[in-house]
Every structure is written in C-alpha cells, then in structure tokens.
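Working notes, beginning with the structure itself.
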Amino acid sequence: MGAARKPIPVKLFVGMLASGPEHLLAFEQQLSRAFGPVDLRGEIVSWEHTSYYASEMGGSLKRRFLFFESLRDPGALANAKQVTNRLEADSAVMRDGRKRRVINLDPGYVTEAKVVLATTKDFSHRVYIGEDIYAEVTLKYDKSLSDFLPLEHTYPDFRTEHARRLFLQARNMLREALQRK
C-alpha cells in the first residue's frame with residue numbers, strides 16, 4: 001500500500017480573455033488582491049481562435065496570462081475557480097436583456113510535469129475536484145524536448161508557441177522557488 005504524501009506546491013495562473021486591454025489591466029488588480037503579487041505577465045495578444053465568446057463579449061478579444069508569486073497547494077484550484085467565477089459575475093453588465101461577462105477568467109496551475117486548467121464543464125478528459133469544479137491536464141512537459149506539448153483536447157490558444165514559452169518560463173520560476181525551500 002502506498003503512503004499518502006503532501007503534494008508539491010504549484011504555481012497558480014489565470015488566463016484572462018476580454019474585449020479590451022483596459023479590462024485586463026483592471027482585473028489584474030482584483031486578481032492580485034485575491035491571489036497575491038503577480039511575478040510573471042504574458043503579453044496582451046489578440047485572440048482569434050473561435051467565435052465562441054463573440055456574442056457575449058464582442059469581437060477583437062485580447063488574451064493575457066498572469067502568474068502569481070506565492071506557491072499553492074494544488075487542492076486549492078477549485079476555490080480559485082470559485083473566486084474567478086464571482087469576479088466574472090460581479091462585473092457582468094446588462095446588454096440585450098441579459099447579463100453578459102466583460103471578462104473570462106480561467107485559473108490553473110503549473111507543475112514541473114504539466115499545466116492544469118480549471119473549468120465548470122465536465123467532459124470525458126476532465127476530473128471532478130470539488131466545489132462544482134472540474135480540471136484537465138492541458139499541456140504535458142516533455143523532458144526530451146524541454147517543452148510543453150498539447151494534448152488532443154488542448155485549447156488552440158494554449159497550443160501557441162507564445163503560450164508554451166510563457167508556461168516554460170513559469171515552470172522554471174516554479175523550479176527555482178522549490179529549490180529555495
């Protein structure tokens with residue numbers, strides 16, 4: 001029988017998707033209040049992978065990833081998704097007779113071996129992690145290539161070279177932080 005062990009701490013991130021950079025900047029402050037200082041910011045890039053969010057948030061969407069300095073227990077991911085869901089709901093605006101989000105916030109974490117993303121939607125490749133939240137491994141680290149690789153279900157924006165390089169940088173920061181402990 002295997003012995004249960006405490007998990008290795010992880011590096012929390014939030015992927016932000018919004019109709020304008022002003023929303024990304026405003027929500028960075030709110031996310032910092034919730035999760036602590038940001039120690040890595042991805043560039044603000046255009047997001048044109050699908051029209052899924054267009055009816056709710058409009059066109060010309062922008063994407064940014066934020067990574068947080070303080071390492072966390074991976075078991076806290078469900079709570080992080082609940083926090084980001086509340087931020088989305090609290091900032092929603094009435095448009096066309098419906099409440100519509102101005103931003104989409106997707107938390108996840110980076111380990112030395114993978115990138116995990118939280119979601120409210122169940123599917124065959126996702127596992128339930130509590131608090132009505134599911135998680136999926138969306139990138140896996142390949143040691144021989146020194147790179148994160150997408151899986152069959154990985155979202156298009158996580159497959160980009162820009163995103164993978166950013167997650168590699170976060171992985172290196174995590175490794176450095178773990179060596180200091």
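Chain identifiers are assigned as A, B, and so on, following the order in which chains appear in the structure tokens; residues are numbered from 1 within each chain, and ligands are numbered from 1 in order of appearance.
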**OP:** Tell me, as number ranges by chain, which residues lie within 8 Å of range 44-54 of chain A, counting only C-alpha atoms; anything in the same chain fewer than 6 positions away does not count.
**Re:** A: 17, 21, 60-64, 156-157
Please report, as a PDB file with N, CA and C atoms, in the first residue's frame, each residue of range 42-110 of chain A to which DSSP assigns strand (DSSP E or B) when run on this structure's backbone.
```pdb
ATOM      1  N   VAL A  45      -2.192  39.722 -26.149  1.00  0.00           N
ATOM      2  CA  VAL A  45      -2.202  39.277 -27.544  1.00  0.00           C
ATOM      3  C   VAL A  45      -3.636  39.181 -28.052  1.00  0.00           C
ATOM      4  N   SER A  46      -3.782  39.311 -29.346  1.00  0.00           N
ATOM      5  CA  SER A  46      -5.096  39.139 -29.974  1.00  0.00           C
ATOM      6  C   SER A  46      -5.517  37.684 -29.863  1.00  0.00           C
ATOM      7  N   TRP A  47      -6.814  37.480 -29.676  1.00  0.00           N
ATOM      8  CA  TRP A  47      -7.367  36.131 -29.532  1.00  0.00           C
ATOM      9  C   TRP A  47      -8.408  35.946 -30.620  1.00  0.00           C
ATOM     10  N   LEU A  61     -11.153  40.223 -29.239  1.00  0.00           N
ATOM     11  CA  LEU A  61     -10.789  39.838 -27.880  1.00  0.00           C
ATOM     12  C   LEU A  61      -9.273  39.819 -27.693  1.00  0.00           C
ATOM     13  N   LYS A  62      -8.872  40.077 -26.451  1.00  0.00           N
ATOM     14  CA  LYS A  62      -7.465  40.080 -26.072  1.00  0.00           C
ATOM     15  C   LYS A  62      -7.244  39.047 -24.973  1.00  0.00           C
ATOM     16  N   ARG A  63      -6.064  38.428 -25.002  1.00  0.00           N
ATOM     17  CA  ARG A  63      -5.706  37.381 -24.039  1.00  0.00           C
ATOM     18  C   ARG A  63      -4.447  37.803 -23.293  1.00  0.00           C
ATOM     19  N   ARG A  64      -4.433  37.514 -21.994  1.00  0.00           N
ATOM     20  CA  ARG A  64      -3.227  37.688 -21.186  1.00  0.00           C
ATOM     21  C   ARG A  64      -3.224  36.624 -20.109  1.00  0.00           C
ATOM     22  N   PHE A  65      -2.039  36.090 -19.815  1.00  0.00           N
ATOM     23  CA  PHE A  65      -1.854  35.163 -18.709  1.00  0.00           C
ATOM     24  C   PHE A  65      -1.094  35.867 -17.597  1.00  0.00           C
ATOM     25  N   LEU A  66      -1.570  35.686 -16.365  1.00  0.00           N
ATOM     26  CA  LEU A  66      -0.889  36.185 -15.177  1.00  0.00           C
ATOM     27  C   LEU A  66      -0.467  34.999 -14.318  1.00  0.00           C
ATOM     28  N   PHE A  67       0.721  35.073 -13.745  1.00  0.00           N
ATOM     29  CA  PHE A  67       1.224  34.027 -12.860  1.00  0.00           C
ATOM     30  C   PHE A  67       1.534  34.671 -11.515  1.00  0.00           C
ATOM     31  N   PHE A  68       1.210  33.962 -10.447  1.00  0.00           N
ATOM     32  CA  PHE A  68       1.294  34.530  -9.105  1.00  0.00           C
ATOM     33  C   PHE A  68       2.512  34.004  -8.361  1.00  0.00           C
ATOM     34  N   GLU A  69       3.118  34.899  -7.609  1.00  0.00           N
ATOM     35  CA  GLU A  69       4.374  34.632  -6.912  1.00  0.00           C
ATOM     36  C   GLU A  69       4.269  33.506  -5.887  1.00  0.00           C
ATOM     37  N   SER A  70       3.253  33.548  -5.065  1.00  0.00           N
ATOM     38  CA  SER A  70       3.114  32.604  -3.964  1.00  0.00           C
ATOM     39  C   SER A  70       2.716  31.215  -4.483  1.00  0.00           C
ATOM     40  N   LEU A  71       3.489  30.206  -4.101  1.00  0.00           N
ATOM     41  CA  LEU A  71       3.156  28.835  -4.483  1.00  0.00           C
ATOM     42  C   LEU A  71       1.999  28.343  -3.634  1.00  0.00           C
ATOM     43  N   ARG A  72       1.213  27.409  -4.182  1.00  0.00           N
ATOM     44  CA  ARG A  72      -0.013  26.957  -3.522  1.00  0.00           C
ATOM     45  C   ARG A  72      -0.135  25.444  -3.542  1.00  0.00           C
ATOM     46  N   VAL A  93     -22.441  42.886 -17.111  1.00  0.00           N
ATOM     47  CA  VAL A  93     -23.287  44.036 -17.433  1.00  0.00           C
ATOM     48  C   VAL A  93     -24.530  43.559 -18.183  1.00  0.00           C
ATOM     49  N   MET A  94     -25.605  44.336 -18.049  1.00  0.00           N
ATOM     50  CA  MET A  94     -26.831  44.035 -18.798  1.00  0.00           C
ATOM     51  C   MET A  94     -26.671  44.529 -20.226  1.00  0.00           C
ATOM     52  N   ARG A  95     -26.911  43.650 -21.170  1.00  0.00           N
ATOM     53  CA  ARG A  95     -26.871  44.003 -22.579  1.00  0.00           C
ATOM     54  C   ARG A  95     -27.842  43.099 -23.314  1.00  0.00           C
ATOM     55  N   ARG A  98     -29.818  40.626 -21.174  1.00  0.00           N
ATOM     56  CA  ARG A  98     -29.141  39.523 -20.486  1.00  0.00           C
ATOM     57  C   ARG A  98     -27.880  40.014 -19.801  1.00  0.00           C
ATOM     58  N   LYS A  99     -27.521  39.348 -18.709  1.00  0.00           N
ATOM     59  CA  LYS A  99     -26.254  39.635 -18.042  1.00  0.00           C
ATOM     60  C   LYS A  99     -25.145  39.031 -18.893  1.00  0.00           C
ATOM     61  N   ARG A 100     -24.150  39.841 -19.216  1.00  0.00           N
ATOM     62  CA  ARG A 100     -23.051  39.373 -20.060  1.00  0.00           C
ATOM     63  C   ARG A 100     -21.713  39.704 -19.397  1.00  0.00           C
ATOM     64  N   ILE A 103     -15.361  39.844 -19.013  1.00  0.00           N
ATOM     65  CA  ILE A 103     -14.078  39.141 -18.976  1.00  0.00           C
ATOM     66  C   ILE A 103     -14.322  37.670 -18.672  1.00  0.00           C
ATOM     67  N   ASN A 104     -13.472  36.836 -19.212  1.00  0.00           N
ATOM     68  CA  ASN A 104     -13.455  35.406 -18.907  1.00  0.00           C
ATOM     69  C   ASN A 104     -12.152  35.132 -18.159  1.00  0.00           C
ATOM     70  N   LEU A 105     -12.261  34.530 -16.986  1.00  0.00           N
ATOM     71  CA  LEU A 105     -11.104  34.258 -16.138  1.00  0.00           C
ATOM     72  C   LEU A 105     -10.986  32.760 -15.917  1.00  0.00           C
ATOM     73  N   ASP A 106      -9.879  32.191 -16.351  1.00  0.00           N
ATOM     74  CA  ASP A 106      -9.661  30.745 -16.208  1.00  0.00           C
ATOM     75  C   ASP A 106      -8.401  30.470 -15.412  1.00  0.00           C
ATOM     76  N   PRO A 107      -8.551  30.057 -14.144  1.00  0.00           N
ATOM     77  CA  PRO A 107      -7.372  29.730 -13.345  1.00  0.00           C
ATOM     78  C   PRO A 107      -6.876  28.325 -13.645  1.00  0.00           C
ATOM     79  N   GLY A 108      -5.626  28.139 -13.334  1.00  0.00           N
ATOM     80  CA  GLY A 108      -4.999  26.833 -13.462  1.00  0.00           C
ATOM     81  C   GLY A 108      -3.692  26.864 -12.699  1.00  0.00           C
ATOM     82  N   TYR A 109      -2.916  25.813 -12.857  1.00  0.00           N
ATOM     83  CA  TYR A 109      -1.598  25.813 -12.227  1.00  0.00           C
ATOM     84  C   TYR A 109      -0.585  25.080 -13.083  1.00  0.00           C
ATOM     85  N   VAL A 110       0.681  25.411 -12.797  1.00  0.00           N
ATOM     86  CA  VAL A 110       1.821  24.819 -13.487  1.00  0.00           C
ATOM     87  C   VAL A 110       2.581  23.971 -12.482  1.00  0.00           C
TER      88      VAL A 110
END
```
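Considering only C-alpha atoms, the residue among A:Lys81, A:Arg33, A:Arg101, A:Lys140 positioned nearest to Ala18 in chain A is A:Arg101.
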Subject >> Phe167 in chain A environment, 12 Å, only C-alpha atoms, sequence neighbours closer than 3 positions dropped, as a PyMOL selection string >> reply: chain A and resi 11-15+40-42+65-67+108-116+138-141+146-150+158-164+170-174
Subject >> Between CA of Val10 in chain A and CA of Gln82 in chain A - distance in Å to one decimal >> reply: 18.0 Å
**OP:** Find, counting only C-alpha atoms, the residue in A:Glu131, A:Arg175, A:Asp39, A:Gly20 that gets nearest to Ile8 in chain A.
**Re:**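 The closest residue to Ile8 in chain A is A:Arg175.
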**OP:** Name all residues at most 9 Å from Phe27 in chain A (count only C-alpha atoms; drop same-chain ones fewer than 4 positions away) and give them as a list in words.
**Re:**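 So, after excluding close chain neighbours, the residues are Met16, Glu22, His23, Leu31, Ser32, Leu87 and Ile103 of chain A.
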Dump of N, CA and C atoms for the selected residues, as an mmCIF file, in the first residue's frame:
```cif
data_model
loop_
_atom_site.group_PDB
_atom_site.id
_atom_site.type_symbol
_atom_site.label_atom_id
_atom_site.label_comp_id
_atom_site.auth_asym_id
_atom_site.auth_seq_id
_atom_site.Cartn_x
_atom_site.Cartn_y
_atom_site.Cartn_z
ATOM 1 N N MET A 16 -6.753 35.396 -18.811
ATOM 2 C CA MET A 16 -7.798 36.415 -18.928
ATOM 3 C C MET A 16 -8.120 36.625 -20.400
ATOM 4 N N GLU A 22 -8.114 47.418 -21.365
ATOM 5 C CA GLU A 22 -8.483 48.102 -20.113
ATOM 6 C C GLU A 22 -9.089 47.119 -19.107
ATOM 7 N N HIS A 23 -9.850 46.141 -19.579
ATOM 8 C CA HIS A 23 -10.419 45.132 -18.679
ATOM 9 C C HIS A 23 -9.314 44.236 -18.109
ATOM 10 N N LEU A 31 -7.355 40.466 -9.214
ATOM 11 C CA LEU A 31 -6.757 39.136 -9.050
ATOM 12 C C LEU A 31 -5.582 39.180 -8.081
ATOM 13 N N SER A 32 -4.824 40.261 -8.105
ATOM 14 C CA SER A 32 -3.715 40.406 -7.153
ATOM 15 C C SER A 32 -4.222 40.502 -5.725
ATOM 16 N N LEU A 87 -15.804 36.987 -9.544
ATOM 17 C CA LEU A 87 -15.321 38.225 -10.174
ATOM 18 C C LEU A 87 -15.992 38.439 -11.527
ATOM 19 N N ILE A 103 -15.361 39.844 -19.013
ATOM 20 C CA ILE A 103 -14.078 39.141 -18.976
ATOM 21 C C ILE A 103 -14.322 37.670 -18.672
#
```
**OP:** Would you please give, as an NGL selection string, all residues of chain A that DSSP assigns to alpha helix (DSSP H) based on the backbone?
**Re:** :A and (21-35 or 54-57 or 77-91 or 156-159 or 161-180)
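Among the candidate residues A:Glu43, A:Val83, A:Asp122, A:Leu24, the one lying nearest to Arg165 in chain A is A:Glu43, with distances computed using only C-alpha atoms.
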